[in-house]
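Everything below belongs to protein.txt, which stores compact mmCIF, C-alpha atoms.
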```txt
# COMPACT_ATOMS: atom_id res chain seq x y z
CA MET A 1188 91.32 100.54 117.93
CA ASN A 1189 90.17 104.10 117.40
CA LEU A 1190 88.72 104.14 113.88
CA LYS A 1191 88.76 107.93 113.65
CA ASP A 1192 92.50 108.08 114.40
CA TYR A 1193 93.13 105.26 111.96
CA ILE A 1194 91.24 107.05 109.18
CA GLU A 1195 93.04 110.30 109.93
CA SER A 1196 96.48 108.71 110.04
CA GLY A 1197 96.89 109.18 106.26
CA LEU A 1198 97.40 105.44 105.79
CA LEU A 1199 94.31 105.11 103.57
CA GLU A 1200 95.58 107.87 101.28
CA SER A 1201 98.90 106.01 101.03
CA TYR A 1202 96.98 102.82 100.23
CA MET A 1203 95.31 104.43 97.22
CA MET A 1204 98.65 105.95 96.19
CA GLY A 1205 100.17 102.49 95.94
CA GLU A 1206 102.69 103.34 98.63
CA LEU A 1207 101.92 100.36 100.91
CA SER A 1208 103.40 96.89 100.57
CA ASP A 1209 101.21 93.93 99.62
CA GLU A 1210 101.02 92.81 103.25
CA GLU A 1211 100.12 96.28 104.50
CA MET A 1212 97.40 96.54 101.85
CA LYS A 1213 95.94 93.20 102.91
CA GLU A 1214 95.90 94.43 106.52
CA VAL A 1215 93.89 97.49 105.41
CA ASP A 1216 91.54 95.14 103.49
CA ARG A 1217 91.04 92.99 106.58
CA LEU A 1218 90.12 96.06 108.65
CA ALA A 1219 87.88 97.37 105.88
CA ALA A 1220 86.02 94.05 105.83
CA ARG A 1221 85.46 94.34 109.57
CA HIS A 1222 84.65 98.08 109.67
CA PRO A 1223 82.55 99.29 106.71
CA VAL A 1224 83.45 102.90 107.52
CA ILE A 1225 87.04 102.22 106.39
CA GLY A 1226 85.81 100.75 103.10
CA GLN A 1227 83.59 103.79 102.56
CA GLU A 1228 86.50 106.11 103.27
CA LEU A 1229 88.67 104.29 100.71
CA GLU A 1230 85.87 104.60 98.13
CA LYS A 1231 85.63 108.33 98.78
CA ILE A 1232 89.36 108.76 98.27
CA ARG A 1233 89.27 106.75 95.04
CA LYS A 1234 86.34 108.77 93.72
CA GLY A 1235 88.08 112.02 94.62
CA ILE A 1236 91.11 110.97 92.62
CA LEU A 1237 88.89 109.81 89.75
CA THR A 1238 87.08 113.16 89.59
CA TYR A 1239 90.40 114.94 89.67
CA ALA A 1240 91.52 112.76 86.79
CA GLU A 1241 88.35 113.55 84.81
CA ALA A 1242 88.71 117.26 85.41
CA THR A 1243 92.37 117.49 84.49
CA GLY A 1244 92.21 115.01 81.62
CA ASN A 1245 94.93 113.11 83.42
CA ARG A 1246 93.63 109.65 82.52
CA PRO A 1247 95.25 106.74 80.72
CA HIS A 1248 94.65 107.12 77.00
CA PRO A 1249 91.42 105.38 75.80
CA ASP A 1250 93.55 103.49 73.25
CA VAL A 1251 94.99 101.47 76.13
CA LEU A 1252 91.62 99.77 76.71
CA ARG A 1253 90.84 99.57 73.00
CA ALA A 1254 94.15 97.90 72.17
CA ALA A 1255 93.82 95.42 75.05
CA LEU A 1256 90.32 94.41 73.95
CA LYS A 1257 91.50 94.06 70.35
CA THR A 1258 94.41 91.80 71.36
CA LEU A 1259 92.02 89.59 73.30
CA GLN A 1260 89.59 89.50 70.35
CA ASP A 1261 92.41 88.52 67.94
CA ASP A 1262 93.65 85.82 70.31
CA GLN A 1263 90.17 84.35 70.50
CA GLU A 1264 89.76 84.31 66.70
CA ASP A 1265 93.16 82.69 66.23
CA THR A 1266 92.31 79.89 68.63
CA GLN A 1267 88.97 79.30 66.91
CA THR A 1268 90.34 79.15 63.35
CA GLY A 1269 93.24 77.04 64.61
CA LEU A 1270 90.85 74.55 66.16
CA SER A 1271 88.57 74.29 63.12
CA LYS A 1272 91.57 73.73 60.83
CA LEU A 1273 92.76 70.96 63.09
CA GLN A 1274 89.31 69.37 62.93
CA ASP A 1275 89.15 69.55 59.10
CA THR A 1276 92.50 67.94 58.54
CA SER A 1277 92.00 65.24 61.13
CA GLU A 1278 88.68 64.26 59.55
CA ASN A 1279 90.32 64.00 56.11
CA ARG A 1280 93.18 62.02 57.42
CA ILE A 1281 91.04 59.67 59.41
CA LYS A 1282 89.47 58.65 56.14
CA ARG A 1283 92.84 58.10 54.50
CA PHE A 1284 95.00 56.71 57.28
CA PRO A 1285 94.79 53.58 59.46
CA VAL A 1286 93.93 53.32 63.16
CA TRP A 1287 97.50 53.86 64.44
CA TYR A 1288 97.41 57.38 63.03
CA VAL A 1289 94.29 58.19 65.00
CA ALA A 1290 95.96 56.77 68.11
CA ALA A 1291 99.04 58.93 67.53
CA SER A 1292 96.89 62.03 67.08
CA VAL A 1293 95.04 61.32 70.29
CA LEU A 1294 98.36 60.90 72.08
CA LEU A 1295 99.59 64.16 70.62
CA LEU A 1296 96.45 65.93 71.78
CA VAL A 1297 96.80 64.45 75.27
CA SER A 1298 100.39 65.59 75.33
CA ILE A 1299 99.42 69.12 74.25
CA ILE A 1300 96.81 69.32 76.99
CA PHE A 1301 99.29 67.97 79.51
CA ASN A 1302 101.82 70.60 78.41
CA LEU A 1303 99.26 73.33 78.76
CA ILE A 1304 98.49 72.22 82.30
CA LEU A 1305 102.20 72.13 83.13
CA PHE A 1306 102.66 75.55 81.58
CA ARG A 1307 99.87 77.01 83.67
CA LYS A 1308 101.31 75.42 86.80
CA LEU A 1309 104.72 76.87 85.94
CA ARG A 1310 103.23 80.32 85.59
CA GLU A 1311 101.51 80.04 88.97
CA ASN A 1312 104.76 78.94 90.58
CA ARG A 1313 106.61 81.83 89.04
CA GLU A 1314 104.00 84.20 90.42
CA GLU A 1315 104.44 82.65 93.85
CA ILE A 1316 108.25 82.91 93.69
CA ARG A 1317 107.93 86.57 92.87
CA SER A 1318 105.66 87.25 95.81
CA LEU A 1319 107.98 85.28 98.11
CA THR A 1320 110.98 87.25 96.86
CA ASN A 1321 109.13 90.48 97.64
CA GLN A 1322 108.38 89.25 101.13
CA ARG A 1323 112.00 88.24 101.62
CA THR A 1324 113.26 91.69 100.62
CA LEU A 1325 110.84 93.23 103.08
CA LEU A 1326 112.05 90.97 105.88
CA ALA A 1327 115.69 91.70 105.06
CA GLU A 1328 114.95 95.42 105.34
CA GLN A 1329 113.29 94.90 108.70
CA VAL A 1330 116.24 92.87 109.97
CA GLU A 1331 118.63 95.58 108.86
CA THR A 1332 116.68 98.32 110.66
CA ALA A 1333 116.52 96.19 113.78
CA SER A 1334 120.24 95.45 113.74
CA LEU A 1335 121.04 99.16 113.28
CA LYS A 1336 118.89 99.92 116.31
CA LEU A 1337 120.66 97.20 118.26
CA ASP A 1338 124.07 98.61 117.31
CA ASP A 1339 122.99 102.00 118.56
CA ALA A 1340 121.70 100.56 121.81
CA GLU A 1341 124.93 98.63 122.37
CA THR A 1342 127.05 101.72 121.78
CA ARG A 1343 124.92 103.63 124.27
CA ILE A 1344 125.30 100.93 126.90
CA ALA A 1345 129.07 100.87 126.33
CA HIS A 1346 129.26 104.61 126.94
CA PHE A 1347 127.06 104.45 130.04
CA THR A 1348 129.17 101.67 131.58
CA ASN A 1349 132.61 103.00 130.57
CA GLU A 1350 134.35 103.98 133.82
CA ASP A 1351 136.54 106.51 132.05
CA ASN A 1352 133.48 108.49 131.03
CA ILE A 1353 132.04 111.40 132.94
CA ARG A 1354 128.33 111.27 132.24
CA VAL A 1355 126.36 114.54 132.18
CA ARG A 1356 122.60 114.51 131.84
CA MET A 1357 121.36 117.68 130.13
CA GLU A 1358 117.76 118.60 131.01
CA GLY A 1359 115.36 120.55 128.78
CA SER A 1360 115.26 124.31 129.12
CA GLU A 1361 112.18 126.54 129.15
CA ILE A 1362 111.87 126.53 125.35
CA SER A 1363 111.83 122.74 125.24
CA PRO A 1364 111.06 121.34 128.71
CA ARG A 1365 110.56 117.74 127.58
CA SER A 1366 113.95 117.44 125.85
CA PHE A 1367 116.96 115.72 127.31
CA ALA A 1368 120.32 114.39 126.15
CA HIS A 1369 123.54 112.98 127.58
CA VAL A 1370 127.16 113.96 127.17
CA PHE A 1371 129.95 111.44 127.78
CA TRP A 1372 133.32 113.06 128.37
CA ASN A 1373 136.23 110.67 128.36
CA LYS A 1374 138.72 111.53 131.13
CA LYS A 1375 141.63 109.85 129.35
CA THR A 1376 141.19 110.97 125.74
CA ASN A 1377 139.08 114.10 126.45
CA ALA A 1378 136.78 113.03 123.58
CA VAL A 1379 133.20 114.25 123.85
CA PHE A 1380 130.27 112.07 122.76
CA ILE A 1381 126.65 113.11 122.60
CA SER A 1382 123.70 110.80 123.07
CA VAL A 1383 120.61 112.41 121.51
CA ASP A 1384 117.76 111.08 123.64
CA ASN A 1385 114.90 113.43 122.97
CA LEU A 1386 115.32 116.55 120.86
CA PRO A 1387 112.68 117.91 118.46
CA GLU A 1388 113.36 117.84 114.68
CA PRO A 1389 115.19 121.12 113.94
CA PRO A 1390 113.49 123.50 111.45
CA HIS A 1391 114.81 123.46 107.87
CA GLY A 1392 118.34 124.88 107.55
CA HIS A 1393 119.12 124.50 111.27
CA GLN A 1394 121.23 122.15 113.33
CA TYR A 1395 122.02 121.51 116.98
CA GLN A 1396 125.42 122.47 118.39
CA LEU A 1397 127.04 121.37 121.65
CA TRP A 1398 128.93 123.85 123.84
CA ALA A 1399 131.34 123.32 126.72
CA ILE A 1400 131.07 126.00 129.40
CA LYS A 1401 134.09 127.00 131.48
CA PRO A 1402 133.98 129.54 134.31
CA GLY A 1403 134.54 133.11 133.16
CA GLN A 1404 134.72 132.24 129.43
CA SER A 1405 132.25 132.36 126.58
CA PRO A 1406 130.93 128.90 125.56
CA ILE A 1407 133.40 126.71 123.62
CA ASP A 1408 132.23 124.99 120.46
CA ALA A 1409 132.14 121.21 121.03
CA GLY A 1410 130.73 120.35 117.59
CA ILE A 1411 127.51 120.15 115.58
CA PHE A 1412 125.45 116.97 115.39
CA ASP A 1413 122.43 115.36 113.74
CA TYR A 1414 119.30 115.13 115.85
CA ASN A 1415 118.33 111.73 114.44
CA GLU A 1416 121.56 109.81 115.08
CA GLN A 1417 121.77 108.58 118.64
CA ILE A 1418 125.45 108.42 119.54
CA GLN A 1419 127.90 110.77 117.85
CA LYS A 1420 131.55 111.56 118.55
CA LEU A 1421 132.18 115.31 118.65
CA LYS A 1422 135.28 117.42 119.40
CA VAL A 1423 138.00 116.93 121.99
CA ILE A 1424 137.59 119.31 124.92
CA LYS A 1425 140.25 119.79 127.60
CA GLY A 1426 140.32 121.66 130.86
CA ASP A 1427 138.01 122.88 133.52
CA VAL A 1428 134.52 122.33 132.10
CA MET A 1429 131.61 123.06 134.46
CA ALA A 1430 128.64 122.43 132.16
CA PHE A 1431 127.52 121.36 128.69
CA ALA A 1432 124.64 122.87 126.71
CA VAL A 1433 122.98 122.41 123.33
CA THR A 1434 121.72 125.34 121.22
CA LEU A 1435 119.88 125.48 117.91
CA GLU A 1436 122.02 127.15 115.24
CA LYS A 1437 122.03 127.70 111.49
CA GLU A 1438 123.18 124.67 109.48
CA GLY A 1439 126.97 124.30 109.71
CA GLY A 1440 127.18 125.78 113.20
CA THR A 1441 128.48 129.09 114.54
CA PRO A 1442 131.57 130.21 116.51
CA HIS A 1443 129.38 132.09 119.07
CA ALA A 1444 126.51 130.33 120.84
CA THR A 1445 122.98 131.74 120.51
CA VAL A 1446 122.31 131.39 124.24
CA GLU A 1447 118.57 132.20 124.07
CA LYS A 1448 118.14 129.13 121.84
CA THR A 1449 119.46 126.74 124.51
CA TYR A 1450 117.47 123.48 124.34
CA VAL A 1451 119.17 121.38 127.01
CA LYS A 1452 121.80 122.06 129.65
CA GLY A 1453 123.54 120.03 132.37
CA PHE A 1454 126.21 120.67 135.01
CA LEU A 1455 129.08 118.32 135.86
CA MET B 817 69.32 90.03 87.31
CA SER B 818 72.51 91.40 85.87
CA PRO B 819 74.30 94.40 87.42
CA PRO B 820 74.49 97.72 85.57
CA THR B 821 77.48 98.42 83.35
CA GLN B 822 78.18 102.04 84.30
CA ASN B 823 78.57 102.51 87.99
CA ILE B 824 81.10 105.19 88.69
CA THR B 825 78.92 106.99 91.24
CA LYS B 826 77.20 104.14 93.04
CA GLY B 827 79.58 103.15 95.87
CA ASN B 828 81.61 100.00 96.48
CA SER B 829 79.23 98.03 94.25
CA VAL B 830 81.67 98.78 91.39
CA GLU B 831 84.04 96.27 92.92
CA THR B 832 81.23 93.70 93.25
CA ASP B 833 80.22 94.27 89.62
CA ILE B 834 83.76 93.87 88.34
CA VAL B 835 84.27 90.65 90.30
CA HIS B 836 80.95 89.35 88.96
CA TYR B 837 81.94 90.11 85.37
CA LEU B 838 85.38 88.55 85.85
CA LYS B 839 83.80 85.33 87.12
CA THR B 840 81.23 85.23 84.30
CA ARG B 841 83.95 86.00 81.69
CA ASP B 842 82.30 89.24 80.56
CA LYS B 843 84.69 91.84 79.08
CA LYS B 844 82.66 94.63 80.71
CA ALA B 845 84.94 93.84 83.66
CA LEU B 846 87.91 95.36 81.81
CA GLN B 847 85.93 98.45 80.82
CA LEU B 848 84.82 99.04 84.42
CA ILE B 849 88.35 98.51 85.74
CA PHE B 850 89.70 100.95 83.17
CA GLU B 851 87.09 103.59 83.96
CA ASN B 852 87.15 103.28 87.75
CA TYR B 853 90.73 102.29 88.52
CA GLY B 854 92.64 103.36 85.37
CA PRO B 855 94.27 106.51 86.78
CA VAL B 856 95.27 104.95 90.14
CA LEU B 857 96.68 101.86 88.43
CA LEU B 858 98.65 103.94 85.94
CA ASN B 859 100.10 105.84 88.90
CA ILE B 860 101.15 102.59 90.57
CA ILE B 861 102.88 101.50 87.34
CA LEU B 862 104.53 104.91 86.98
CA ARG B 863 106.12 104.45 90.41
CA ILE B 864 108.18 101.66 88.84
CA VAL B 865 108.18 102.38 85.09
CA LYS B 866 109.26 105.99 85.07
CA ASP B 867 108.22 106.58 81.49
CA ARG B 868 104.61 107.50 80.63
CA PRO B 869 104.22 105.84 77.18
CA MET B 870 105.81 102.63 78.50
CA ALA B 871 103.64 102.79 81.60
CA GLN B 872 100.55 102.99 79.36
CA ASP B 873 101.83 99.96 77.42
CA THR B 874 102.23 98.16 80.72
CA LEU B 875 98.66 99.05 81.73
CA GLN B 876 97.48 97.51 78.45
CA GLU B 877 99.39 94.32 79.27
CA VAL B 878 97.91 94.41 82.76
CA LEU B 879 94.36 94.50 81.35
CA ILE B 880 95.15 91.43 79.25
CA LYS B 881 96.63 89.63 82.27
CA ILE B 882 93.62 90.52 84.38
CA TRP B 883 91.39 88.97 81.74
CA LYS B 884 93.46 85.83 81.50
CA ASN B 885 93.88 85.36 85.27
CA GLY B 886 90.58 86.92 86.38
CA GLN B 887 89.29 83.69 87.78
CA SER B 888 92.29 83.34 90.09
CA TYR B 889 91.17 86.41 92.08
CA LYS B 890 89.70 85.44 95.45
CA VAL B 891 87.84 87.91 97.66
CA GLU B 892 89.17 86.16 100.80
CA ASN B 893 92.75 87.11 99.88
CA GLY B 894 92.11 90.86 99.88
CA SER B 895 90.29 93.54 97.96
CA LEU B 896 90.13 93.75 94.17
CA PHE B 897 92.31 96.87 94.32
CA THR B 898 95.03 95.04 96.25
CA TRP B 899 94.98 92.28 93.63
CA LEU B 900 95.04 94.78 90.76
CA THR B 901 97.95 96.58 92.45
CA ARG B 902 99.88 93.31 92.65
CA VAL B 903 99.29 92.53 88.97
CA CYS B 904 100.40 96.07 88.05
CA ARG B 905 103.57 95.90 90.15
CA ASN B 906 104.59 92.54 88.71
CA ALA B 907 103.94 93.69 85.14
CA ALA B 908 105.83 96.92 85.79
CA ILE B 909 108.84 95.08 87.20
CA ASP B 910 108.78 92.78 84.15
CA LYS B 911 108.69 95.87 81.94
CA THR B 912 111.78 97.40 83.52
CA ARG B 913 113.68 94.23 82.63
CA THR B 914 112.97 94.54 78.89
CA LYS B 915 115.57 95.83 76.46
CA ASP B 916 113.15 98.53 75.26
CA TYR B 917 112.89 99.96 78.74
CA LYS B 918 116.63 100.02 79.31
CA LEU B 919 117.04 101.85 76.01
CA SER B 920 114.27 104.30 76.81
CA GLU B 921 115.88 105.27 80.10
CA LYS B 922 118.63 106.89 78.07
CA PHE B 923 116.21 109.03 76.11
CA ASN B 924 113.98 109.98 79.00
CA THR B 925 114.51 113.70 78.72
CA ALA B 926 113.41 113.73 75.10
CA ILE B 927 110.31 111.73 75.99
CA ASP B 928 109.41 114.17 78.79
CA LEU B 929 109.38 116.98 76.27
CA VAL B 930 107.00 115.02 74.04
CA ASN B 931 104.76 114.44 77.06
CA ILE B 932 104.50 118.11 77.80
CA ALA B 933 103.55 118.78 74.19
CA GLU B 934 100.95 116.01 74.39
CA LEU B 935 99.42 117.47 77.54
CA ALA B 936 99.30 120.93 76.05
CA ALA B 937 97.45 119.61 73.01
CA HIS B 938 94.78 118.08 75.22
CA GLU B 939 91.36 119.70 74.62
CA GLU B 940 88.74 120.19 77.30
CA GLY B 941 84.95 119.71 77.00
CA THR B 942 82.40 121.96 78.76
CA GLU B 943 81.73 119.62 81.64
CA GLN B 944 85.42 119.04 82.07
CA LEU B 945 86.02 122.78 82.03
CA TYR B 946 83.46 123.17 84.82
CA MET B 947 85.13 120.48 86.93
CA ARG B 948 88.50 122.03 86.20
CA GLN B 949 87.21 125.31 87.65
CA MET B 950 86.01 123.50 90.76
CA ILE B 951 89.40 121.94 91.21
CA ASP B 952 91.13 125.26 90.70
CA GLN B 953 89.58 126.27 94.03
CA LEU B 954 92.14 124.04 95.70
CA PRO B 955 95.34 125.84 96.73
CA SER B 956 97.97 125.27 94.07
CA VAL B 957 100.29 123.47 96.51
CA GLN B 958 97.54 120.94 97.21
CA GLN B 959 96.92 120.45 93.48
CA LYS B 960 100.63 119.90 93.00
CA LEU B 961 100.73 117.32 95.83
CA ILE B 962 97.76 115.35 94.42
CA ASP B 963 99.31 115.48 91.00
CA LEU B 964 102.72 114.18 92.16
CA ALA B 965 101.36 111.54 94.53
CA TYR B 966 98.45 110.18 92.50
CA PHE B 967 99.34 110.89 88.87
CA GLN B 968 103.10 111.17 88.49
CA GLY B 969 104.07 108.09 90.51
CA TYR B 970 106.21 109.91 93.10
CA THR B 971 106.62 108.49 96.61
CA GLN B 972 105.87 110.78 99.54
CA LYS B 973 109.56 110.71 100.43
CA GLU B 974 110.51 111.93 96.93
CA ILE B 975 107.85 114.64 97.15
CA ALA B 976 109.22 115.78 100.52
CA LYS B 977 112.66 116.16 98.99
CA PHE B 978 111.39 117.78 95.80
CA MET B 979 109.07 120.29 97.53
CA LYS B 980 111.56 120.85 100.40
CA MET B 981 108.99 119.95 103.08
CA PRO B 982 109.30 117.54 106.02
CA LEU B 983 107.78 114.12 105.25
CA GLY B 984 105.17 114.55 108.01
CA THR B 985 103.97 117.80 106.45
CA VAL B 986 103.67 116.13 103.02
CA LYS B 987 101.49 113.38 104.50
CA THR B 988 99.22 115.77 106.40
CA ARG B 989 98.85 118.07 103.40
CA ILE B 990 98.00 115.24 101.00
CA ARG B 991 95.31 114.09 103.40
CA LEU B 992 94.00 117.66 103.66
CA ALA B 993 94.09 118.03 99.87
CA ILE B 994 92.04 114.88 99.36
CA ARG B 995 89.54 116.04 101.99
CA ASN B 996 89.21 119.43 100.31
CA LEU B 997 88.88 117.76 96.92
CA ARG B 998 86.03 115.64 98.26
CA SER B 999 84.27 118.64 99.76
CA ILE B 1000 84.25 120.66 96.53
CA ILE B 1001 83.00 117.88 94.24
```
As structure tokens - that is how I would like this structure written.
Amino acid sequence: MNLKDYIESGLLESYMMGELSDEEMKEVDRLAARHPVIGQELEKIRKGILTYAEATGNRPHPDVLRAALKTLQDDQEDTQTGLSKLQDTSENRIKRFPVWYVAASVLLLVSIIFNLILFRKLRENREEIRSLTNQRTLLAEQVETASLKLDDAETRIAHFTNEDNIRVRMEGSEISPRSFAHVFWNKKTNAVFISVDNLPEPPHGHQYQLWAIKPGQSPIDAGIFDYNEQIQKLKVIKGDVMAFAVTLEKEGGTPHATVEKTYVKGFL
Amino acid sequence: MSPPTQNITKGNSVETDIVHYLKTRDKKALQLIFENYGPVLLNIILRIVKDRPMAQDTLQEVLIKIWKNGQSYKVENGSLFTWLTRVCRNAAIDKTRTKDYKLSEKFNTAIDLVNIAELAAHEEGTEQLYMRQMIDQLPSVQQKLIDLAYFQGYTQKEIAKFMKMPLGTVKTRIRLAIRNLRSII
């Protein structure tokens, strides 16, 4: 693994932001244990944030710590006075009451201790259930993403194998040589589908638009589409189409194609 | 030999010190956590509890929990920060289930106004003023990004939407902002 790339990926900043899941954080910890440079980087980020907090006064209020310490102090005192009271009374009673009373007290004490142990165990279990629930949610999300991807892939295969479809591969133009996309034009229904294979993310406020080109006519609007959804149904186009092309247009599309912004184009 | 109490500048040994104090049941652990991790933990809580006073309450509960469960922390299971983050998230989720929180959600706007007043009333010392000037060298967009991501509990996705920037740009700029911040301090 290239440590430099890893450090520059922004993942460590997200870690300190609290944006990673428990599992992802543990993965970072494992790597940090193996590569000290990652641990040092994390420390630098934390200290940067801390200095920023000092400078802007954007810190938790000091009362938060004070109040927490006071609560703990009070708890401790309560337990101590509680215990000494218990001792006093039991001593008095031992003098006044017969052996069975002592036995009952011992039993009670044992039962209290047993309850405390059970209570602690219960709390641990609850903690575990919570962490398992978190993991389950995460898995469910992953399954959902995977099944969406599968749906997309299946739709694509269906279009590729449909014998009624004319398939047109549109290759990247000079302004975007690596781009490509497919058009499926159904001979029976004349419906046009686009398969977005590789188009760059459009700049803010812009959208891609598909055009059908017929000989001797200006390009005919075949619909606007989202660059990040793979298969989309667009308009119905009839007649003597010789080519399809995609241009980048203002959001919402335009009636006249901006030809110099042609990203991909393909002939039938 | 016992480790020093104040160790904000001395490297990852802060984590070692805190773990040591937790194991030996010394309350200095809480003080060090508060000083060194307080702001980042509050931010993590704010991502869930969207109300600053309640988030501070939650942080207080977190400190108490840390003290009570400190011995359950194991270095093999991940870093101290990862453990602290988990405690914060659980406490924050618990908080959102309380009646108080549900009520407060309705009055959030009013509370925001109080917050602004509270921030405005905040006074700055000389040293703080100096650091403030250093930080003001950062471009204001970068200050805004650090503020939203590390102090206001916003996710990078929310920031992208709010600042009308692509998510990738938000990530790169936050990284750049942190690097700049480190180079000026």
Expected answer as a PDB file with C-alpha atoms, keeping the file's coordinate frame: all residues with atoms within 8 Å of (80.9, 94.3, 87.0), all atoms listed in the file:
```pdb
ATOM      1  CA  PRO B 819      74.300  94.400  87.420  1.00  0.00           C
ATOM      2  CA  PRO B 820      74.490  97.720  85.570  1.00  0.00           C
ATOM      3  CA  THR B 821      77.480  98.420  83.350  1.00  0.00           C
ATOM      4  CA  VAL B 830      81.670  98.780  91.390  1.00  0.00           C
ATOM      5  CA  GLU B 831      84.040  96.270  92.920  1.00  0.00           C
ATOM      6  CA  THR B 832      81.230  93.700  93.250  1.00  0.00           C
ATOM      7  CA  ASP B 833      80.220  94.270  89.620  1.00  0.00           C
ATOM      8  CA  ILE B 834      83.760  93.870  88.340  1.00  0.00           C
ATOM      9  CA  VAL B 835      84.270  90.650  90.300  1.00  0.00           C
ATOM     10  CA  HIS B 836      80.950  89.350  88.960  1.00  0.00           C
ATOM     11  CA  TYR B 837      81.940  90.110  85.370  1.00  0.00           C
ATOM     12  CA  LEU B 838      85.380  88.550  85.850  1.00  0.00           C
ATOM     13  CA  LYS B 844      82.660  94.630  80.710  1.00  0.00           C
ATOM     14  CA  ALA B 845      84.940  93.840  83.660  1.00  0.00           C
ATOM     15  CA  LEU B 848      84.820  99.040  84.420  1.00  0.00           C
TER      16      LEU B 848
END
```
Contact set, chain B to chain A: 6 Å, only C-alpha atoms, as a PyMOL selection string:
chain B and resi 855+860+876+880+894-895+944+947-948+966+991+998
Using CA of Ala1340 (chain A) and CA of Ile1411 (chain A) as the two end points, give the distance in Å to one decimal.
21.4 Å
As AutoDock Vina command-line options, what would the box around region 951-959 of chain B look like: edges along x, y and z, 4 Å added on every side, centre and edge lengths in Å to one decimal?
```
--center_x 94.8 --center_y 123.4 --center_z 94.0 --size_x 18.9 --size_y 13.8 --size_z 14.5
```
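Straight-line separation from CA of Ala908 (chain B) to CA of Thr874 (chain B): 6.3 Å.
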Between CA of Arg1343 (chain A) and CA of Ile1418 (chain A), distance in Å (one decimal):
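About the pair CA of Arg1343 (chain A) and CA of Ile1418 (chain A): they are 6.8 Å apart.
The protein and nucleic acid residues lying at most 12 Å from Lys918 (chain B) are Val865, Lys866, Asp867, Met870, Asp910, Lys911, Thr912 and Asn924 of chain B, with only C-alpha atoms considered and sequence neighbours fewer than 6 positions away removed.
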Please identify all polymer residues within 6 Å of Asn1377 (chain A), counting all atoms listed in the file, omitting same-chain residues fewer than 5 positions from it, and present them as a count of residues only.
3
From the list B:Arg841, B:Leu900, B:Pro869, B:Ile864, the nearest residue to Lys881 (chain B) using all atoms listed in the file is B:Leu900
